[in-house]
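Pasting entry-v2.cif here (mmCIF, C-alpha atoms):
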data_entry
loop_
_atom_site.label_atom_id
_atom_site.label_comp_id
_atom_site.auth_asym_id
_atom_site.auth_seq_id
_atom_site.Cartn_x
_atom_site.Cartn_y
_atom_site.Cartn_z
CA GLY E 1 -158.50 125.98 27.56
CA ILE E 2 -155.38 127.78 28.66
CA ARG E 3 -155.37 128.51 32.36
CA ARG E 4 -153.33 131.02 34.34
CA ARG E 5 -152.99 129.64 37.84
CA ASN E 6 -149.54 130.82 38.86
CA VAL E 7 -150.49 134.21 40.34
CA ILE E 8 -150.14 135.32 43.94
CA ILE E 9 -150.24 138.58 45.94
CA LEU E 10 -147.32 138.87 48.36
CA GLY E 11 -148.06 142.01 50.33
CA ASN E 12 -145.88 145.07 50.32
CA LYS E 13 -142.50 143.40 50.09
CA ASN E 14 -140.52 143.94 46.89
CA MET E 15 -141.71 141.22 44.50
CA SER E 16 -138.23 140.41 43.21
CA ASP E 17 -136.86 139.97 46.75
CA LYS E 18 -139.83 137.81 47.72
CA ARG E 19 -139.35 135.51 44.75
CA ILE E 20 -135.66 135.03 45.56
CA GLU E 21 -136.38 134.55 49.27
CA TRP E 22 -139.02 131.92 48.51
CA TYR E 23 -136.75 130.04 46.10
CA SER E 24 -133.75 130.20 48.45
CA GLU E 25 -135.77 128.79 51.34
CA ALA E 26 -137.40 126.10 49.19
CA THR E 27 -133.98 124.92 47.95
CA SER E 28 -132.11 125.33 51.25
CA HIS E 29 -131.64 121.55 51.56
CA ALA E 30 -130.65 121.00 47.94
CA GLU E 31 -127.09 119.94 48.76
CA TYR E 32 -128.31 117.31 51.22
CA PHE E 33 -131.01 116.13 48.81
CA GLU E 34 -128.61 115.82 45.87
CA ASP E 35 -126.14 113.89 48.01
CA LYS E 36 -128.76 111.40 49.20
CA TRP E 37 -130.28 111.03 45.72
CA ARG E 38 -127.01 110.73 43.79
CA TYR E 39 -128.27 107.87 41.64
CA HIS E 40 -131.35 109.87 40.65
CA TYR E 41 -129.22 112.77 39.40
CA LYS E 42 -126.84 110.42 37.65
CA GLU E 43 -129.77 108.94 35.73
CA LEU E 44 -131.13 112.41 35.00
CA ALA E 45 -127.77 113.44 33.55
CA ARG E 46 -127.76 110.29 31.40
CA LEU E 47 -131.21 111.20 30.10
CA LEU E 48 -130.17 114.77 29.32
CA SER E 49 -127.05 113.59 27.49
CA PHE E 50 -129.38 112.20 24.82
CA VAL E 51 -131.32 115.48 24.64
CA ILE E 52 -128.55 118.11 24.67
CA PRO E 53 -125.87 117.75 21.94
CA LYS E 54 -122.24 117.56 23.02
CA ASP E 55 -121.30 120.48 20.77
CA ALA E 56 -124.02 122.79 22.14
CA SER E 57 -123.67 125.73 24.52
CA LEU E 58 -125.80 125.34 27.63
CA VAL E 59 -127.13 127.61 30.37
CA GLN E 60 -128.86 126.06 33.37
CA PHE E 61 -131.34 128.07 35.45
CA GLY E 62 -131.16 126.99 39.08
CA SER E 63 -127.86 125.13 38.76
CA GLY E 64 -127.82 124.36 42.48
CA THR E 65 -124.66 122.59 43.60
CA GLY E 66 -123.49 122.30 40.00
CA ASP E 67 -123.39 118.50 40.10
CA LEU E 68 -125.95 118.00 37.34
CA LEU E 69 -124.39 120.62 35.08
CA ALA E 70 -120.96 119.04 35.56
CA ARG E 71 -122.28 115.66 34.35
CA ILE E 72 -123.83 116.98 31.12
CA PRO E 73 -121.28 116.75 28.25
CA ALA E 74 -122.05 120.09 26.55
CA SER E 75 -119.19 122.05 24.97
CA SER E 76 -119.87 125.28 26.88
CA LYS E 77 -121.70 125.37 30.22
CA GLN E 78 -122.86 128.13 32.53
CA GLY E 79 -124.95 127.89 35.68
CA ILE E 80 -127.26 130.70 36.80
CA GLU E 81 -128.31 130.74 40.43
CA CYS E 82 -130.07 133.29 42.65
CA SER E 83 -129.36 131.50 45.93
CA GLU E 84 -126.10 132.81 47.37
CA ALA E 85 -125.65 129.70 49.50
CA LEU E 86 -125.97 127.30 46.55
CA LEU E 87 -123.78 129.50 44.40
CA ASN E 88 -120.97 129.25 46.95
CA VAL E 89 -121.30 125.47 47.11
CA ALA E 90 -121.23 125.12 43.31
CA ARG E 91 -118.15 127.30 42.90
CA LYS E 92 -116.31 125.31 45.54
CA LYS E 93 -117.27 121.90 44.15
CA HIS E 94 -116.81 122.72 40.46
CA PRO E 95 -114.21 125.48 39.99
CA GLU E 96 -113.84 124.44 36.34
CA LEU E 97 -117.38 125.64 35.56
CA THR E 98 -118.84 129.15 35.33
CA PHE E 99 -121.56 130.08 37.80
CA SER E 100 -123.26 133.48 37.90
CA LYS E 101 -125.59 135.04 40.41
CA ASP E 102 -128.63 136.41 38.63
CA ASN E 103 -132.33 136.98 39.05
CA PHE E 104 -134.37 134.33 37.21
CA TRP E 105 -137.25 136.80 36.86
CA SER E 106 -135.17 139.71 35.55
CA LEU E 107 -131.91 138.57 34.01
CA THR E 108 -128.84 140.74 33.67
CA THR E 109 -127.20 138.00 31.58
CA HIS E 110 -127.84 138.47 27.86
CA LYS E 111 -125.37 136.14 26.14
CA LYS E 112 -127.20 133.91 23.66
CA THR E 113 -126.99 130.15 24.03
CA ASP E 114 -128.05 127.00 22.14
CA TYR E 115 -129.83 125.36 25.07
CA VAL E 116 -131.41 126.52 28.32
CA LEU E 117 -132.08 123.89 30.98
CA ILE E 118 -134.60 124.30 33.80
CA SER E 119 -134.55 121.10 35.82
CA GLU E 120 -136.73 120.17 38.81
CA ILE E 121 -137.11 123.67 40.22
CA THR E 122 -140.54 124.72 38.97
CA ASP E 123 -142.21 123.69 42.24
CA SER E 124 -139.79 126.00 44.08
CA LEU E 125 -140.52 129.05 41.93
CA LEU E 126 -143.07 131.80 42.16
CA ASP E 127 -144.29 132.99 38.75
CA VAL E 128 -142.88 130.19 36.58
CA GLU E 129 -144.24 131.89 33.49
CA VAL E 130 -142.02 134.95 34.07
CA VAL E 131 -138.96 132.71 34.36
CA LEU E 132 -139.83 130.98 31.09
CA LYS E 133 -140.09 134.35 29.34
CA GLU E 134 -136.64 135.30 30.65
CA ALA E 135 -135.26 131.99 29.36
CA HIS E 136 -136.69 132.90 25.96
CA THR E 137 -134.44 135.99 25.81
CA LEU E 138 -131.28 133.86 26.15
CA LEU E 139 -131.98 131.43 23.33
CA LYS E 140 -130.69 131.70 19.81
CA ASP E 141 -133.32 131.62 17.06
CA ASP E 142 -132.74 127.90 16.57
CA GLY E 143 -132.15 127.23 20.27
CA ARG E 144 -134.09 124.92 22.56
CA LEU E 145 -135.47 125.07 26.08
CA VAL E 146 -135.35 121.81 28.02
CA ILE E 147 -137.56 121.79 31.09
CA VAL E 148 -137.61 118.82 33.47
CA THR E 149 -140.29 118.46 36.12
CA ARG E 150 -141.21 115.82 38.64
CA SER E 151 -144.13 113.59 37.78
CA PHE E 152 -147.47 114.35 39.41
CA LEU E 153 -147.76 110.65 40.28
CA TRP E 154 -144.63 110.90 42.40
CA ARG E 155 -145.92 113.91 44.32
CA PRO E 156 -146.51 111.99 47.62
CA LEU E 157 -142.89 110.79 47.71
CA PHE E 158 -141.43 114.23 47.00
CA SER E 159 -143.79 115.83 49.53
CA LEU E 160 -142.69 113.28 52.12
CA ALA E 161 -139.04 114.07 51.38
CA ARG E 162 -139.72 117.80 51.86
CA ARG E 163 -141.53 117.15 55.13
CA PHE E 164 -138.73 114.93 56.38
CA MET E 165 -136.15 117.63 55.62
CA ARG E 166 -138.49 120.34 56.96
CA THR E 167 -138.27 122.44 53.82
CA ARG E 168 -140.91 124.87 52.63
CA PRO E 169 -143.76 123.08 50.82
CA ALA E 170 -144.15 123.59 47.10
CA PHE E 171 -145.89 126.83 46.11
CA ARG E 172 -148.12 125.01 43.66
CA SER E 173 -148.93 121.47 42.62
CA LEU E 174 -146.32 119.64 40.62
CA LEU E 175 -146.93 120.45 36.96
CA ARG E 176 -148.65 117.94 34.74
CA LEU E 177 -147.38 117.86 31.15
CA PRO E 178 -150.55 119.48 29.70
CA ASP E 179 -150.29 122.36 32.20
CA LEU E 180 -146.63 122.83 31.33
CA LYS E 181 -147.38 122.91 27.61
CA ASN E 182 -149.97 125.65 28.17
CA MET E 183 -147.51 127.67 30.23
CA LEU E 184 -144.79 127.29 27.61
CA TYR E 185 -147.16 128.51 24.90
CA LEU E 186 -148.09 131.56 26.96
CA SER E 187 -144.36 132.25 27.39
CA GLY E 188 -143.60 132.21 23.66
CA PHE E 189 -142.56 128.59 23.10
CA GLU E 190 -143.70 125.71 20.94
CA VAL E 191 -143.17 122.22 22.31
CA VAL E 192 -141.42 120.00 19.76
CA CYS E 193 -140.84 116.90 21.88
CA SER E 194 -141.98 115.48 25.22
CA GLY E 195 -141.01 112.45 27.21
CA ARG E 196 -140.50 110.73 30.54
CA GLY E 197 -137.61 109.01 32.24
CA VAL E 198 -136.14 107.48 35.42
CA LEU E 199 -138.55 104.78 36.51
CA CYS E 200 -136.46 103.85 39.55
CA PRO E 201 -134.71 106.92 41.10
CA LEU E 202 -133.06 104.92 43.89
CA TYR E 203 -130.18 102.53 43.36
CA ILE E 204 -131.20 98.90 43.78
CA PRO E 205 -128.69 96.46 42.25
CA LEU E 206 -129.89 95.05 38.93
CA ILE E 207 -133.49 96.29 39.45
CA SER E 208 -132.55 99.94 38.87
CA HIS E 209 -130.66 99.14 35.69
CA ILE E 210 -133.47 97.05 34.20
CA SER E 211 -136.10 99.59 35.23
CA ASN E 212 -134.37 102.65 33.79
CA ARG E 213 -132.80 101.12 30.70
CA ILE E 214 -135.65 98.84 29.60
CA LEU E 215 -138.92 99.12 31.50
CA ALA E 216 -138.96 102.95 31.42
CA HIS E 217 -139.41 102.73 27.63
CA VAL E 218 -142.34 100.31 27.71
CA PRO E 219 -145.41 102.29 26.51
CA LEU E 220 -147.59 101.92 29.61
CA LEU E 221 -144.83 101.79 32.21
CA THR E 222 -143.29 105.03 30.95
CA TYR E 223 -146.17 106.92 32.56
CA LEU E 224 -144.91 105.73 35.95
CA CYS E 225 -141.51 107.44 35.53
CA ALA E 226 -140.45 109.97 38.15
CA LEU E 227 -139.49 112.68 35.64
CA GLN E 228 -141.18 114.30 32.69
CA TYR E 229 -139.63 116.70 30.22
CA ASP E 230 -140.47 119.03 27.37
CA ILE E 231 -138.19 120.34 24.65
CA ALA E 232 -139.46 123.61 23.21
CA ARG E 233 -138.34 126.04 20.53
CA PRO E 234 -138.74 129.82 20.87
CA LEU E 235 -141.46 131.35 18.71
CA PRO E 236 -140.51 134.54 16.84
#
As structure tokens, the full file:
Amino acid sequence: GIRRRNVIILGNKNMSDKRIEWYSEATSHAEYFEDKWRYHYKELARLLSFVIPKDASLVQFGSGTGDLLARIPASSKQGIECSEALLNVARKKHPELTFSKDNFWSLTTHKKTDYVLISEITDSLLDVEVVLKEAHTLLKDDGRLVIVTRSFLWRPLFSLARRFMRTRPAFRSLLRLPDLKNMLYLSGFEVVCSGRGVLCPLYIPLISHISNRILAHVPLLTYLCALQYDIARPLP
């Protein structure tokens, strides 16, 4: 059945402030991580280029340093970020793009868009379901939400990376695809397509190319990919 597991009591502190504080601390090493894992993000952008049309308008929740958004060939792009530190980095690195400071859980932005992207930040968010409902308000009737999460099978590696960089541990377990589908349904979405990608997130000459271009599409091996994604349409 459908389970609601993303609930927590956070004392007397303002809930909105606590959510932002948690996210900002959990992503405090994002610039370092994205620099060290450049090949991973390059492959992620390649994957998304097949999912998001070039003539579409795109809004990314948690745009971080802006590097991923810059690589996606959409016609109109906007990054939304609630971390002041990451927002400053993104604006400096990509002055050609638009980045806005906003609250993922209570948006002030209301401009409709074709696509909303939420990529690899769900394990850094409190109340993911609330964020999904806010994303719903930005989509056009025929729009699509693309949500990318890290595979549960790769959890030990990502946990090790967090520990090495001394970042806050994930609030909840990395989402499995069935859990994510349930959460999307509860947030007013219907999943129309799911998939996996990036079998080898580190650059190893020849091996990375073969793994990500060929082996990642082999039926059994695809379950070993580092990333999983869902494409969902907003329900009326």
Between CA of Lys101 (chain E) and CA of Lys77 (chain E), measure the distance and give it in Å to one decimal.
14.6 Å
Would you translate the PyMOL selection byres ((chain E and resi 110) around 12) into the concrete set of residues it matches in this file, as a PyMOL selection string?
chain E and resi 59+80+102+106-109+111-113+134-140
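Across the structure, CA of Gly195 (chain E) and CA of Tyr32 (chain E) are spaced 27.6 Å apart.
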Atom pair CA of Phe99 (chain E) / CA of Pro234 (chain E): separation (Å)
24.1 Å
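Minimum distance to Arg144 (chain E) across E:Arg233, E:Arg46, E:Lys92, E:Arg38 (counting all atoms listed in the file) occurs at E:Arg233.
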Picked residues, the PyMOL selection byres ((chain E and resi 52-57) around 6), as a VMD selection string:
chain E and resid 48 to 51 58 73 to 76 113 to 114
Could you state which residues are captured by the PyMOL selection byres ((chain E and resi 120) around 6) in this file, as a ChimeraX atom specification?
/E:119,121-122,148-149
Show which residues sit within 12 Å of Val192 (chain E), as a PyMOL selection string. Count all atoms listed in the file, and ignore same-chain residues fewer than 5 positions away.
chain E and resi 143-146+181+184-185+229-235
Taking the point (-132.4, 134.8, 41.6) as given in the file, collect each protein or nucleic acid residue that comes within 7 Å of it, counting all atoms listed in the file, and present the set as a VMD selection string.
chain E and resid 20 81 to 83 101 to 104
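Distance check against Tyr223 (chain E) using only C-alpha atoms: of E:Phe189, E:Phe152, E:Phe61, E:Tyr203, the minimum falls on E:Phe152.
Minimum atom-to-atom distance to Asp141 (chain E), evaluated using only C-alpha atoms, belongs to E:Pro236 out of E:Gly64, E:Pro236, E:Leu126, E:Lys18.
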With all atoms listed in the file as the counted atoms, please give the residues lying no more than 10 Å from Ala226 (chain E), apart from itself and same-chain residues fewer than 3 positions off, as an MDAnalysis selection string.
chainID E and resid 40 149:155 157:158 196:201 216 222:223
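The smallest atom-to-atom distance between Trp22 (chain E) and any of E:Asp123, E:Ser211, E:Gln228, E:Arg91, using only C-alpha atoms, is found for E:Asp123.
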Pull all heavy atoms for region 30-44 of chain E from the block and write them as a PDB file, in the first residue's frame.
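Okay, selection-v7.pdb is ready:
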ATOM      1  N   ALA E  30      28.433  20.842  -1.969  1.00  0.00           N
ATOM      2  CA  ALA E  30      27.982  20.534  -3.332  1.00  0.00           C
ATOM      3  C   ALA E  30      28.993  20.987  -4.389  1.00  0.00           C
ATOM      4  O   ALA E  30      29.230  20.274  -5.372  1.00  0.00           O
ATOM      5  CB  ALA E  30      26.624  21.181  -3.595  1.00  0.00           C
ATOM      6  N   GLU E  31      29.587  22.152  -4.202  1.00  0.00           N
ATOM      7  CA  GLU E  31      30.536  22.651  -5.193  1.00  0.00           C
ATOM      8  C   GLU E  31      31.743  21.721  -5.291  1.00  0.00           C
ATOM      9  O   GLU E  31      32.199  21.386  -6.395  1.00  0.00           O
ATOM     10  CB  GLU E  31      30.985  24.067  -4.829  1.00  0.00           C
ATOM     11  CG  GLU E  31      31.905  24.680  -5.879  1.00  0.00           C
ATOM     12  CD  GLU E  31      32.315  26.107  -5.548  1.00  0.00           C
ATOM     13  OE1 GLU E  31      32.022  26.575  -4.423  1.00  0.00           O
ATOM     14  OE2 GLU E  31      32.932  26.757  -6.417  1.00  0.00           O
ATOM     15  N   TYR E  32      32.252  21.295  -4.153  1.00  0.00           N
ATOM     16  CA  TYR E  32      33.387  20.368  -4.136  1.00  0.00           C
ATOM     17  C   TYR E  32      32.999  19.041  -4.782  1.00  0.00           C
ATOM     18  O   TYR E  32      33.735  18.488  -5.601  1.00  0.00           O
ATOM     19  CB  TYR E  32      33.836  20.146  -2.691  1.00  0.00           C
ATOM     20  CG  TYR E  32      34.898  19.084  -2.527  1.00  0.00           C
ATOM     21  CD1 TYR E  32      36.245  19.394  -2.685  1.00  0.00           C
ATOM     22  CD2 TYR E  32      34.553  17.768  -2.211  1.00  0.00           C
ATOM     23  CE1 TYR E  32      37.228  18.420  -2.535  1.00  0.00           C
ATOM     24  CE2 TYR E  32      35.522  16.784  -2.065  1.00  0.00           C
ATOM     25  CZ  TYR E  32      36.855  17.115  -2.226  1.00  0.00           C
ATOM     26  OH  TYR E  32      37.813  16.148  -2.083  1.00  0.00           O
ATOM     27  N   PHE E  33      31.811  18.533  -4.420  1.00  0.00           N
ATOM     28  CA  PHE E  33      31.345  17.251  -4.929  1.00  0.00           C
ATOM     29  C   PHE E  33      31.172  17.305  -6.443  1.00  0.00           C
ATOM     30  O   PHE E  33      31.586  16.392  -7.158  1.00  0.00           O
ATOM     31  CB  PHE E  33      30.025  16.890  -4.248  1.00  0.00           C
ATOM     32  CG  PHE E  33      29.583  15.475  -4.494  1.00  0.00           C
ATOM     33  CD1 PHE E  33      30.042  14.447  -3.688  1.00  0.00           C
ATOM     34  CD2 PHE E  33      28.714  15.155  -5.527  1.00  0.00           C
ATOM     35  CE1 PHE E  33      29.643  13.130  -3.899  1.00  0.00           C
ATOM     36  CE2 PHE E  33      28.303  13.859  -5.751  1.00  0.00           C
ATOM     37  CZ  PHE E  33      28.765  12.838  -4.925  1.00  0.00           C
ATOM     38  N   GLU E  34      30.564  18.372  -6.954  1.00  0.00           N
ATOM     39  CA  GLU E  34      30.329  18.486  -8.392  1.00  0.00           C
ATOM     40  C   GLU E  34      31.630  18.628  -9.155  1.00  0.00           C
ATOM     41  O   GLU E  34      31.747  18.180 -10.295  1.00  0.00           O
ATOM     42  CB  GLU E  34      29.387  19.656  -8.674  1.00  0.00           C
ATOM     43  CG  GLU E  34      27.967  19.396  -8.191  1.00  0.00           C
ATOM     44  CD  GLU E  34      27.008  20.529  -8.513  1.00  0.00           C
ATOM     45  OE1 GLU E  34      27.343  21.343  -9.411  1.00  0.00           O
ATOM     46  OE2 GLU E  34      25.955  20.607  -7.872  1.00  0.00           O
ATOM     47  N   ASP E  35      32.635  19.253  -8.527  1.00  0.00           N
ATOM     48  CA  ASP E  35      33.931  19.393  -9.185  1.00  0.00           C
ATOM     49  C   ASP E  35      34.643  18.041  -9.277  1.00  0.00           C
ATOM     50  O   ASP E  35      35.215  17.690 -10.321  1.00  0.00           O
ATOM     51  CB  ASP E  35      34.801  20.388  -8.416  1.00  0.00           C
ATOM     52  CG  ASP E  35      36.161  20.577  -9.065  1.00  0.00           C
ATOM     53  OD1 ASP E  35      36.209  21.052 -10.220  1.00  0.00           O
ATOM     54  OD2 ASP E  35      37.175  20.242  -8.425  1.00  0.00           O
ATOM     55  N   LYS E  36      34.577  17.269  -8.207  1.00  0.00           N
ATOM     56  CA  LYS E  36      35.255  15.969  -8.189  1.00  0.00           C
ATOM     57  C   LYS E  36      34.531  14.927  -9.040  1.00  0.00           C
ATOM     58  O   LYS E  36      35.150  13.977  -9.514  1.00  0.00           O
ATOM     59  CB  LYS E  36      35.373  15.468  -6.745  1.00  0.00           C
ATOM     60  CG  LYS E  36      36.285  16.319  -5.866  1.00  0.00           C
ATOM     61  CD  LYS E  36      37.710  16.339  -6.385  1.00  0.00           C
ATOM     62  CE  LYS E  36      38.628  17.156  -5.494  1.00  0.00           C
ATOM     63  NZ  LYS E  36      40.015  17.219  -6.021  1.00  0.00           N
ATOM     64  N   TRP E  37      33.223  15.091  -9.210  1.00  0.00           N
ATOM     65  CA  TRP E  37      32.422  14.133  -9.953  1.00  0.00           C
ATOM     66  C   TRP E  37      31.937  14.744 -11.270  1.00  0.00           C
ATOM     67  O   TRP E  37      30.814  14.536 -11.689  1.00  0.00           O
ATOM     68  CB  TRP E  37      31.228  13.671  -9.115  1.00  0.00           C
ATOM     69  CG  TRP E  37      31.608  12.814  -7.951  1.00  0.00           C
ATOM     70  CD1 TRP E  37      32.330  13.174  -6.857  1.00  0.00           C
ATOM     71  CD2 TRP E  37      31.276  11.431  -7.758  1.00  0.00           C
ATOM     72  NE1 TRP E  37      32.463  12.127  -5.991  1.00  0.00           N
ATOM     73  CE2 TRP E  37      31.830  11.045  -6.515  1.00  0.00           C
ATOM     74  CE3 TRP E  37      30.553  10.511  -8.511  1.00  0.00           C
ATOM     75  CZ2 TRP E  37      31.690   9.749  -6.012  1.00  0.00           C
ATOM     76  CZ3 TRP E  37      30.411   9.225  -8.002  1.00  0.00           C
ATOM     77  CH2 TRP E  37      30.979   8.848  -6.773  1.00  0.00           C
ATOM     78  N   ARG E  38      32.829  15.471 -11.935  1.00  0.00           N
ATOM     79  CA  ARG E  38      32.449  16.158 -13.177  1.00  0.00           C
ATOM     80  C   ARG E  38      31.913  15.195 -14.237  1.00  0.00           C
ATOM     81  O   ARG E  38      30.945  15.488 -14.930  1.00  0.00           O
ATOM     82  CB  ARG E  38      33.649  16.938 -13.742  1.00  0.00           C
ATOM     83  CG  ARG E  38      33.976  18.224 -13.022  1.00  0.00           C
ATOM     84  CD  ARG E  38      34.978  19.047 -13.800  1.00  0.00           C
ATOM     85  NE  ARG E  38      36.231  18.346 -13.979  1.00  0.00           N
ATOM     86  CZ  ARG E  38      37.256  18.407 -13.132  1.00  0.00           C
ATOM     87  NH1 ARG E  38      37.140  19.140 -12.036  1.00  0.00           N
ATOM     88  NH2 ARG E  38      38.369  17.742 -13.352  1.00  0.00           N
ATOM     89  N   TYR E  39      32.557  14.042 -14.372  1.00  0.00           N
ATOM     90  CA  TYR E  39      32.125  13.086 -15.386  1.00  0.00           C
ATOM     91  C   TYR E  39      30.713  12.584 -15.095  1.00  0.00           C
ATOM     92  O   TYR E  39      29.897  12.415 -16.009  1.00  0.00           O
ATOM     93  CB  TYR E  39      33.105  11.913 -15.459  1.00  0.00           C
ATOM     94  CG  TYR E  39      32.710  10.890 -16.496  1.00  0.00           C
ATOM     95  CD1 TYR E  39      32.916  11.126 -17.845  1.00  0.00           C
ATOM     96  CD2 TYR E  39      32.104   9.689 -16.116  1.00  0.00           C
ATOM     97  CE1 TYR E  39      32.546  10.200 -18.808  1.00  0.00           C
ATOM     98  CE2 TYR E  39      31.729   8.755 -17.073  1.00  0.00           C
ATOM     99  CZ  TYR E  39      31.947   9.015 -18.405  1.00  0.00           C
ATOM    100  OH  TYR E  39      31.568   8.098 -19.358  1.00  0.00           O
ATOM    101  N   HIS E  40      30.416  12.347 -13.842  1.00  0.00           N
ATOM    102  CA  HIS E  40      29.080  11.913 -13.433  1.00  0.00           C
ATOM    103  C   HIS E  40      28.016  12.906 -13.885  1.00  0.00           C
ATOM    104  O   HIS E  40      26.995  12.530 -14.476  1.00  0.00           O
ATOM    105  CB  HIS E  40      29.047  11.759 -11.914  1.00  0.00           C
ATOM    106  CG  HIS E  40      27.677  11.600 -11.332  1.00  0.00           C
ATOM    107  ND1 HIS E  40      27.003  10.402 -11.329  1.00  0.00           N
ATOM    108  CD2 HIS E  40      26.849  12.493 -10.745  1.00  0.00           C
ATOM    109  CE1 HIS E  40      25.818  10.558 -10.758  1.00  0.00           C
ATOM    110  NE2 HIS E  40      25.711  11.818 -10.397  1.00  0.00           N
ATOM    111  N   TYR E  41      28.258  14.194 -13.641  1.00  0.00           N
ATOM    112  CA  TYR E  41      27.279  15.220 -14.004  1.00  0.00           C
ATOM    113  C   TYR E  41      27.210  15.437 -15.510  1.00  0.00           C
ATOM    114  O   TYR E  41      26.154  15.790 -16.049  1.00  0.00           O
ATOM    115  CB  TYR E  41      27.588  16.526 -13.260  1.00  0.00           C
ATOM    116  CG  TYR E  41      27.274  16.409 -11.791  1.00  0.00           C
ATOM    117  CD1 TYR E  41      28.277  16.206 -10.853  1.00  0.00           C
ATOM    118  CD2 TYR E  41      25.954  16.448 -11.345  1.00  0.00           C
ATOM    119  CE1 TYR E  41      27.980  16.061  -9.509  1.00  0.00           C
ATOM    120  CE2 TYR E  41      25.649  16.315  -9.993  1.00  0.00           C
ATOM    121  CZ  TYR E  41      26.665  16.113  -9.088  1.00  0.00           C
ATOM    122  OH  TYR E  41      26.357  15.965  -7.759  1.00  0.00           O
ATOM    123  N   LYS E  42      28.327  15.211 -16.182  1.00  0.00           N
ATOM    124  CA  LYS E  42      28.315  15.291 -17.641  1.00  0.00           C
ATOM    125  C   LYS E  42      27.423  14.191 -18.218  1.00  0.00           C
ATOM    126  O   LYS E  42      26.631  14.430 -19.138  1.00  0.00           O
ATOM    127  CB  LYS E  42      29.744  15.147 -18.184  1.00  0.00           C
ATOM    128  CG  LYS E  42      29.838  15.217 -19.700  1.00  0.00           C
ATOM    129  CD  LYS E  42      31.280  15.048 -20.158  1.00  0.00           C
ATOM    130  CE  LYS E  42      31.373  15.042 -21.674  1.00  0.00           C
ATOM    131  NZ  LYS E  42      32.772  14.856 -22.143  1.00  0.00           N
ATOM    132  N   GLU E  43      27.537  12.984 -17.672  1.00  0.00           N
ATOM    133  CA  GLU E  43      26.708  11.871 -18.125  1.00  0.00           C
ATOM    134  C   GLU E  43      25.240  12.079 -17.751  1.00  0.00           C
ATOM    135  O   GLU E  43      24.338  11.714 -18.505  1.00  0.00           O
ATOM    136  CB  GLU E  43      27.222  10.553 -17.538  1.00  0.00           C
ATOM    137  CG  GLU E  43      28.506  10.061 -18.163  1.00  0.00           C
ATOM    138  CD  GLU E  43      28.344   9.814 -19.657  1.00  0.00           C
ATOM    139  OE1 GLU E  43      27.562   8.930 -20.032  1.00  0.00           O
ATOM    140  OE2 GLU E  43      28.983  10.525 -20.452  1.00  0.00           O
ATOM    141  N   LEU E  44      25.000  12.666 -16.591  1.00  0.00           N
ATOM    142  CA  LEU E  44      23.624  12.970 -16.189  1.00  0.00           C
ATOM    143  C   LEU E  44      22.997  13.969 -17.151  1.00  0.00           C
ATOM    144  O   LEU E  44      21.836  13.807 -17.569  1.00  0.00           O
ATOM    145  CB  LEU E  44      23.608  13.521 -14.764  1.00  0.00           C
ATOM    146  CG  LEU E  44      22.268  14.069 -14.247  1.00  0.00           C
ATOM    147  CD1 LEU E  44      21.168  13.022 -14.341  1.00  0.00           C
ATOM    148  CD2 LEU E  44      22.425  14.568 -12.816  1.00  0.00           C
TER     149      LEU E  44
END
